[in-house]
file query_25.cif (mmCIF, C-alpha atoms)
data_work
#
loop_
_atom_site.label_atom_id
_atom_site.label_comp_id
_atom_site.auth_asym_id
_atom_site.auth_seq_id
_atom_site.Cartn_x
_atom_site.Cartn_y
_atom_site.Cartn_z
CA MET A 1 -19.40 -14.56 11.84
CA SER A 2 -17.86 -17.98 12.24
CA ALA A 3 -14.65 -18.97 10.55
CA ILE A 4 -14.91 -19.64 6.83
CA ASN A 5 -12.69 -21.95 4.85
CA GLN A 6 -9.75 -20.65 2.87
CA ASP A 7 -11.56 -20.85 -0.47
CA GLU A 8 -14.86 -19.33 0.69
CA PHE A 9 -16.66 -16.02 0.82
CA VAL A 10 -19.87 -14.78 2.46
CA PRO A 11 -22.22 -12.33 0.71
CA VAL A 12 -22.68 -9.13 2.71
CA TYR A 13 -24.79 -6.97 0.35
CA GLU A 14 -26.36 -7.37 -3.07
CA ASP A 15 -28.65 -5.41 -5.38
CA ASN A 16 -29.06 -5.19 -9.16
CA HIS A 17 -25.79 -3.31 -9.57
CA LEU A 18 -23.44 -4.49 -6.81
CA ILE A 19 -22.43 -7.43 -4.71
CA ALA A 20 -20.18 -7.11 -1.67
CA VAL A 21 -18.66 -10.18 -0.07
CA SER A 22 -16.43 -10.94 2.90
CA LYS A 23 -13.64 -13.18 1.71
CA ALA A 24 -11.56 -15.56 3.75
CA ALA A 25 -7.87 -14.91 4.38
CA GLY A 26 -5.88 -16.81 1.75
CA LEU A 27 -8.43 -16.46 -1.06
CA LEU A 28 -7.02 -14.77 -4.15
CA VAL A 29 -9.12 -11.83 -5.36
CA GLN A 30 -7.99 -11.73 -8.99
CA GLY A 31 -6.37 -14.45 -11.09
CA ASP A 32 -2.56 -14.62 -11.20
CA ASP A 33 0.18 -17.00 -12.29
CA THR A 34 -0.55 -19.43 -9.44
CA GLY A 35 -3.55 -20.71 -11.36
CA ASP A 36 -5.66 -20.75 -8.18
CA GLU A 37 -9.33 -19.97 -8.70
CA PRO A 38 -9.89 -16.34 -7.69
CA LEU A 39 -12.77 -14.69 -5.88
CA THR A 40 -14.06 -13.12 -9.09
CA HIS A 41 -14.65 -16.56 -10.64
CA LYS A 42 -16.26 -17.89 -7.46
CA VAL A 43 -18.66 -14.95 -7.23
CA ALA A 44 -19.60 -15.32 -10.91
CA ALA A 45 -20.37 -19.01 -10.35
CA PHE A 46 -22.39 -18.14 -7.24
CA LEU A 47 -24.51 -15.58 -9.15
CA LYS A 48 -24.93 -17.91 -12.13
CA ALA A 49 -26.28 -20.66 -9.86
CA LYS A 50 -28.39 -18.33 -7.71
CA TYR A 51 -30.24 -16.82 -10.67
CA GLN A 52 -29.98 -19.90 -12.93
CA LYS A 53 -28.45 -17.85 -15.73
CA PRO A 54 -27.66 -19.82 -18.89
CA GLY A 55 -24.92 -17.52 -20.18
CA ASN A 56 -21.97 -15.67 -18.75
CA VAL A 57 -22.37 -13.51 -15.65
CA PHE A 58 -20.80 -10.06 -15.49
CA VAL A 59 -18.60 -9.57 -12.42
CA GLY A 60 -16.41 -6.48 -12.49
CA LEU A 61 -13.54 -6.11 -10.06
CA ILE A 62 -13.52 -2.60 -8.57
CA HIS A 63 -10.70 -2.89 -6.04
CA ARG A 64 -8.46 -5.51 -4.44
CA ILE A 65 -7.24 -6.56 -1.04
CA ASP A 66 -4.13 -8.66 -0.49
CA ARG A 67 -4.52 -12.43 -0.59
CA PRO A 68 -3.71 -12.97 3.14
CA VAL A 69 -6.18 -10.24 4.17
CA SER A 70 -9.78 -11.11 5.04
CA GLY A 71 -12.87 -8.99 4.67
CA LEU A 72 -14.86 -6.81 2.30
CA VAL A 73 -14.49 -6.84 -1.46
CA LEU A 74 -16.94 -4.87 -3.62
CA LEU A 75 -17.79 -6.17 -7.09
CA ALA A 76 -19.91 -4.70 -9.88
CA LYS A 77 -22.74 -6.58 -11.58
CA THR A 78 -23.10 -4.04 -14.41
CA SER A 79 -20.64 -2.12 -16.56
CA LYS A 80 -22.24 1.17 -15.49
CA ALA A 81 -21.64 0.41 -11.82
CA LEU A 82 -18.09 -0.72 -12.58
CA GLU A 83 -17.22 2.50 -14.41
CA ARG A 84 -18.70 4.78 -11.75
CA LEU A 85 -17.20 2.94 -8.80
CA ASN A 86 -13.79 2.75 -10.47
CA GLU A 87 -13.91 6.54 -10.63
CA ALA A 88 -15.06 6.79 -7.01
CA PHE A 89 -12.19 4.62 -5.78
CA SER A 90 -9.56 6.37 -7.90
CA SER A 91 -10.70 9.80 -6.68
CA ARG A 92 -10.67 8.64 -3.03
CA LYS A 93 -14.43 9.08 -2.57
CA VAL A 94 -14.71 5.67 -0.89
CA LYS A 95 -13.85 5.49 2.80
CA LYS A 96 -12.07 2.27 3.80
CA THR A 97 -11.74 1.10 7.38
CA TYR A 98 -9.60 -1.86 8.40
CA LEU A 99 -9.11 -3.71 11.65
CA ALA A 100 -5.57 -4.80 12.40
CA ALA A 101 -4.39 -7.24 15.08
CA VAL A 102 -0.83 -6.22 15.87
CA GLU A 103 1.96 -7.43 18.12
CA GLY A 104 2.94 -5.63 21.29
CA ILE A 105 1.59 -3.00 23.66
CA MET A 106 0.59 0.31 22.12
CA GLU A 107 2.10 3.44 23.61
CA ASN A 108 -0.47 5.77 22.04
CA SER A 109 -4.23 5.31 21.78
CA SER A 110 -4.37 7.03 18.38
CA GLY A 111 -2.15 8.68 15.84
CA THR A 112 -1.34 9.48 12.22
CA LEU A 113 1.52 7.87 10.29
CA GLU A 114 3.16 9.56 7.31
CA ASN A 115 5.95 7.87 5.39
CA TRP A 116 7.51 7.77 1.96
CA MET A 117 7.51 4.28 0.52
CA ALA A 118 8.41 2.42 -2.64
CA LYS A 119 7.61 -0.98 -4.10
CA ASN A 120 10.00 -3.83 -4.82
CA ALA A 121 8.15 -5.62 -7.63
CA GLN A 122 10.54 -8.60 -7.72
CA LYS A 123 9.96 -9.43 -4.04
CA ASN A 124 6.35 -8.19 -3.96
CA THR A 125 7.13 -6.02 -0.94
CA SER A 126 7.28 -2.34 -0.13
CA TYR A 127 9.87 -0.47 1.91
CA LEU A 128 10.39 2.94 3.47
CA THR A 129 12.51 5.44 1.61
CA LYS A 130 12.91 9.20 1.23
CA ALA A 131 11.00 11.69 -0.88
CA GLY A 132 12.37 11.83 -4.42
CA GLN A 133 14.10 8.45 -4.21
CA ASN A 134 13.22 5.09 -5.82
CA GLY A 135 9.88 6.33 -7.13
CA ALA A 136 8.77 7.10 -3.59
CA LYS A 137 5.11 7.82 -2.88
CA LYS A 138 3.73 9.41 0.25
CA ALA A 139 1.64 7.12 2.45
CA THR A 140 -0.68 8.38 5.18
CA LEU A 141 -2.97 6.54 7.58
CA SER A 142 -4.62 7.17 10.92
CA TYR A 143 -5.18 4.57 13.63
CA ARG A 144 -7.15 4.20 16.84
CA LEU A 145 -6.64 1.63 19.59
CA VAL A 146 -9.78 -0.47 20.04
CA GLN A 147 -8.54 -3.11 22.51
CA GLN A 148 -5.27 -3.91 24.22
CA LYS A 149 -4.53 -7.45 25.36
CA GLU A 150 -1.42 -8.77 27.07
CA ARG A 151 0.59 -9.30 23.89
CA TYR A 152 -1.64 -8.03 21.11
CA ALA A 153 -3.60 -4.91 20.23
CA LEU A 154 -6.63 -4.38 18.00
CA LEU A 155 -6.44 -1.21 15.90
CA GLU A 156 -8.95 0.53 13.69
CA VAL A 157 -7.02 1.81 10.68
CA SER A 158 -8.15 4.39 8.11
CA PRO A 159 -5.76 4.74 5.16
CA GLU A 160 -5.81 8.12 3.43
CA THR A 161 -3.73 6.83 0.53
CA GLY A 162 -3.76 3.48 -1.24
CA ARG A 163 -0.16 2.33 -1.52
CA HIS A 164 1.05 -1.24 -2.02
CA HIS A 165 1.13 -3.02 1.37
CA GLN A 166 0.78 0.37 3.01
CA ILE A 167 -0.91 -0.66 6.27
CA ARG A 168 1.34 -3.69 6.67
CA LEU A 169 4.53 -1.67 6.17
CA GLN A 170 3.58 1.40 8.18
CA LEU A 171 2.42 -0.51 11.24
CA SER A 172 5.54 -2.67 11.11
CA ALA A 173 7.72 0.44 10.86
CA MET A 174 5.95 1.80 13.94
CA GLY A 175 7.11 -1.31 15.81
CA HIS A 176 3.82 -3.20 15.73
CA SER A 177 3.84 -5.85 13.00
CA ILE A 178 0.51 -7.33 12.00
CA VAL A 179 0.01 -10.76 13.54
CA GLY A 180 1.10 -13.49 11.14
CA ASP A 181 2.70 -11.10 8.65
CA LEU A 182 6.17 -12.68 8.38
CA LYS A 183 6.94 -10.51 5.36
CA TYR A 184 6.87 -7.45 7.59
CA GLY A 185 8.44 -8.71 10.79
CA ALA A 186 5.80 -10.78 12.60
CA LYS A 187 7.11 -13.37 15.06
CA ARG A 188 4.87 -16.25 13.94
CA SER A 189 2.73 -17.30 11.02
CA LEU A 190 -0.95 -18.18 11.16
CA GLU A 191 -2.34 -21.62 10.36
CA ASN A 192 -4.66 -20.40 7.59
CA GLY A 193 -1.90 -18.54 5.75
CA GLY A 194 -3.57 -15.24 6.50
CA ILE A 195 -2.54 -12.21 8.51
CA GLY A 196 -4.29 -10.16 11.16
CA LEU A 197 -5.67 -7.56 8.78
CA HIS A 198 -9.39 -7.36 8.01
CA ALA A 199 -11.14 -5.07 5.52
CA HIS A 200 -13.92 -4.09 7.90
CA LYS A 201 -16.01 -1.29 6.37
CA LEU A 202 -16.63 0.49 3.08
CA SER A 203 -18.56 3.77 2.96
CA PHE A 204 -19.53 5.19 -0.43
CA GLU A 205 -22.30 6.62 -2.59
CA HIS A 206 -24.26 4.03 -4.55
CA PRO A 207 -23.33 4.47 -8.23
CA VAL A 208 -26.95 4.47 -9.43
CA SER A 209 -29.33 5.31 -6.58
CA LYS A 210 -26.87 7.80 -5.02
CA GLU A 211 -27.76 6.39 -1.59
CA ASN A 212 -25.01 6.54 1.03
CA LEU A 213 -23.99 2.99 1.89
CA GLU A 214 -21.86 1.69 4.74
CA LEU A 215 -21.08 -1.99 4.42
CA GLU A 216 -19.45 -4.03 7.16
CA ALA A 217 -17.81 -7.45 7.38
CA PRO A 218 -17.85 -8.85 10.95
CA LEU A 219 -14.62 -10.24 12.32
CA PRO A 220 -13.80 -13.91 11.66
CA GLY A 221 -14.01 -16.28 14.60
CA TYR A 222 -10.46 -17.63 14.53
CA PHE A 223 -7.12 -16.45 15.96
CA PRO A 224 -6.14 -13.67 16.36
CA TRP A 225 -9.60 -12.15 16.14
CA ASN A 226 -11.13 -14.42 18.78
CA ILE A 227 -8.89 -13.02 21.50
CA PHE A 228 -10.62 -9.66 21.06
CA THR A 229 -14.17 -11.01 20.75
CA SER A 230 -14.07 -13.60 23.56
CA GLU A 231 -14.87 -12.36 27.05
CA ASP A 232 -12.86 -15.25 28.52
CA GLN A 233 -9.53 -14.07 27.11
#
call {"tool": "encode", "arguments": {"input": "query_25.cif", "output": "structure tokens"}}
result
Amino acid sequence: MSAINQDEFVPVYEDNHLIAVSKAAGLLVQGDDTGDEPLTHKVAAFLKAKYQKPGNVFVGLIHRIDRPVSGLVLLAKTSKALERLNEAFSSRKVKKTYLAAVEGIMENSSGTLENWMAKNAQKNTSYLTKAGQNGAKKATLSYRLVQQKERYALLEVSPETGRHHQIRLQLSAMGHSIVGDLKYGAKRSLENGGIGLHAHKLSFEHPVSKENLELEAPLPGYFPWNIFTSEDQ
């Protein structure tokens, strides 16, 4: 998939109940106090134009990914799908797989990270703490090394919990900040305002047909992803 502009998304899957899109890094998923047009509004406008609907279009937000993160976002087109998928996400029945471009040379090819972390709402960050302190919640993820380059590594990351900025914080605490993630110790920012974290796959049971779905958003074509997809680098 070639690079998409900061305010764009690409449809990945659609049926009568769902639409999954791959969003660009920098695109807001849900409206906030910035006033920037979010993905939910853009998808509603896309569906309205595609099907030439005269009235409002239902687009239900099931889950979120951080604004600087690219990749898969699943949206509901019916209230029934929204209700059932909300339950599936909250009960951890949806498997999420991310790809992370991180700084440095990995010492281990795979591993599991367990930490206690808490959120600083004022700074919109999370930090490591101890069990029983500061409203700490346990965070667990597993990772696997996909590619190692001279200065960067590509990891496949499977979070077992869904904490605020969990992947970003835990990888940084391991000594491998996500590329471009200045908030969590990266050495440099990225031109598009994004970070090297991509929501790659979602695996779940369809809320109506009960079919097992695995949806995938291919990597963008820009840095840092292109250093892992180009044979010349």
call {"tool": "resolve_selection", "arguments": {"input": "query_25.cif", "expression": "the PyMOL selection byres ((chain A and resi 43) around 9)", "output": "number ranges by chain"}}
result
A: 9, 19, 21, 38-42, 44-48, 59, 75
call {"tool": "atom_distance", "arguments": {"input": "query_25.cif", "atom1": "CA of Pro220 (chain A)", "atom2": "CA of Glu37 (chain A)"}}
result
21.7 Å
call {"tool": "residues_around", "arguments": {"input": "query_25.cif", "residues": "region 175-191 of chain A", "least_positions_apart": "4", "cutoff": "9 Å", "atoms": "all atoms listed in the file", "output": "list of chain:residue names"}}
result
A:Pro68, A:Ala100, A:Ala101, A:Val102, A:Glu103, A:Gly104, A:Ile105, A:Met106, A:Thr125, A:Tyr152, A:Ala153, A:Ile167, A:Arg168, A:Leu169, A:Gln170, A:Leu171, A:Ile195, A:Gly196, A:Leu197, A:Phe223, A:Pro224
call {"tool": "residues_around", "arguments": {"input": "query_25.cif", "residues": "Leu27 (chain A)", "least_positions_apart": "2", "cutoff": "10 Å", "atoms": "only C-alpha atoms", "output": "list in words"}}
result
Asn5, Gln6, Asp7, Glu8, Phe9, Lys23, Ala24, Ala25, Val29, Gln30, Asp36, Glu37, Pro38, Leu39, Ile65, Asp66, Arg67, Pro68, Val69, Ser70, Gly193 and Gly194 of chain A
call {"tool": "closest_residue", "arguments": {"input": "query_25.cif", "among": "A:Ala139, A:Leu61, A:Val208, A:Leu128", "to": "His17 (chain A)", "atoms": "all atoms listed in the file"}}
result
A:Val208
call {"tool": "resolve_selection", "arguments": {"input": "query_25.cif", "expression": "the PyMOL selection byres ((chain A and resi 119) around 9)", "output": "PyMOL selection string"}}
result
chain A and resi 117-118+120-128+134-136+163-165
call {"tool": "write_last_selection", "arguments": {"input": "query_25.cif", "atoms": "C-alpha atoms", "output": "PDB file, keeping the file's coordinate frame"}}
result
ATOM      1  CA  MET A 117       7.510   4.280   0.520  1.00  0.00           C
ATOM      2  CA  ALA A 118       8.410   2.420  -2.640  1.00  0.00           C
ATOM      3  CA  ASN A 120      10.000  -3.830  -4.820  1.00  0.00           C
ATOM      4  CA  ALA A 121       8.150  -5.620  -7.630  1.00  0.00           C
ATOM      5  CA  GLN A 122      10.540  -8.600  -7.720  1.00  0.00           C
ATOM      6  CA  LYS A 123       9.960  -9.430  -4.040  1.00  0.00           C
ATOM      7  CA  ASN A 124       6.350  -8.190  -3.960  1.00  0.00           C
ATOM      8  CA  THR A 125       7.130  -6.020  -0.940  1.00  0.00           C
ATOM      9  CA  SER A 126       7.280  -2.340  -0.130  1.00  0.00           C
ATOM     10  CA  TYR A 127       9.870  -0.470   1.910  1.00  0.00           C
ATOM     11  CA  LEU A 128      10.390   2.940   3.470  1.00  0.00           C
ATOM     12  CA  ASN A 134      13.220   5.090  -5.820  1.00  0.00           C
ATOM     13  CA  GLY A 135       9.880   6.330  -7.130  1.00  0.00           C
ATOM     14  CA  ALA A 136       8.770   7.100  -3.590  1.00  0.00           C
ATOM     15  CA  ARG A 163      -0.160   2.330  -1.520  1.00  0.00           C
ATOM     16  CA  HIS A 164       1.050  -1.240  -2.020  1.00  0.00           C
ATOM     17  CA  HIS A 165       1.130  -3.020   1.370  1.00  0.00           C
TER      18      HIS A 165
END
call {"tool": "atom_distance", "arguments": {"input": "query_25.cif", "atom1": "CA of Ser79 (chain A)", "atom2": "CA of Ala217 (chain A)"}}
result
24.7 Å
call {"tool": "closest_residue", "arguments": {"input": "query_25.cif", "among": "A:Ala76, A:Gln133, A:Gln52, A:Asn108", "to": "His206 (chain A)", "atoms": "only C-alpha atoms"}}
result
A:Ala76
call {"tool": "atom_distance", "arguments": {"input": "query_25.cif", "atom1": "CA of Gly55 (chain A)", "atom2": "CA of Pro11 (chain A)"}}
result
21.7 Å
call {"tool": "resolve_selection", "arguments": {"input": "query_25.cif", "expression": "the PyMOL selection byres ((chain A and resi 160) around 8)", "output": "MDAnalysis selection string"}}
result
chainID A and resid 139:142 158:159 161:162
call {"tool": "axis_aligned_box", "arguments": {"input": "query_25.cif", "around": "region 50-56 of chain A", "padding_each_side": "4 Å", "output": "JSON"}}
result
{"center_x": -26.1, "center_y": -17.8, "center_z": -13.9, "size_x": 16.3, "size_y": 12.2, "size_z": 20.5}
call {"tool": "residues_around", "arguments": {"input": "query_25.cif", "residues": "Phe204 (chain A)", "least_positions_apart": "3", "cutoff": "10 Å", "atoms": "all atoms listed in the file", "output": "JSON, numbers by chain"}}
result
{"A": [85, 88, 89, 92, 93, 94, 95, 96, 207, 210, 211, 212, 213, 214, 215]}
call {"tool": "residues_around", "arguments": {"input": "query_25.cif", "residues": "Ala199 (chain A)", "least_positions_apart": "5", "cutoff": "7 Å", "atoms": "only C-alpha atoms", "output": "list in words"}}
result
Ser70, Gly71, Leu72, Thr97, Tyr98 and Leu99 of chain A
call {"tool": "closest_residue", "arguments": {"input": "query_25.cif", "among": "A:Leu18, A:Ser91, A:Gln147, A:Ser172", "to": "Phe58 (chain A)", "atoms": "only C-alpha atoms"}}
result
A:Leu18
call {"tool": "closest_residue", "arguments": {"input": "query_25.cif", "among": "A:Leu145, A:Ile62, A:Val10, A:Met174", "to": "Thr78 (chain A)", "atoms": "only C-alpha atoms"}}
result
A:Ile62
call {"tool": "closest_residue", "arguments": {"input": "query_25.cif", "among": "A:Ala81, A:Lys149, A:Gly26, A:Gly35", "to": "Asn226 (chain A)", "atoms": "only C-alpha atoms"}}
result
A:Lys149
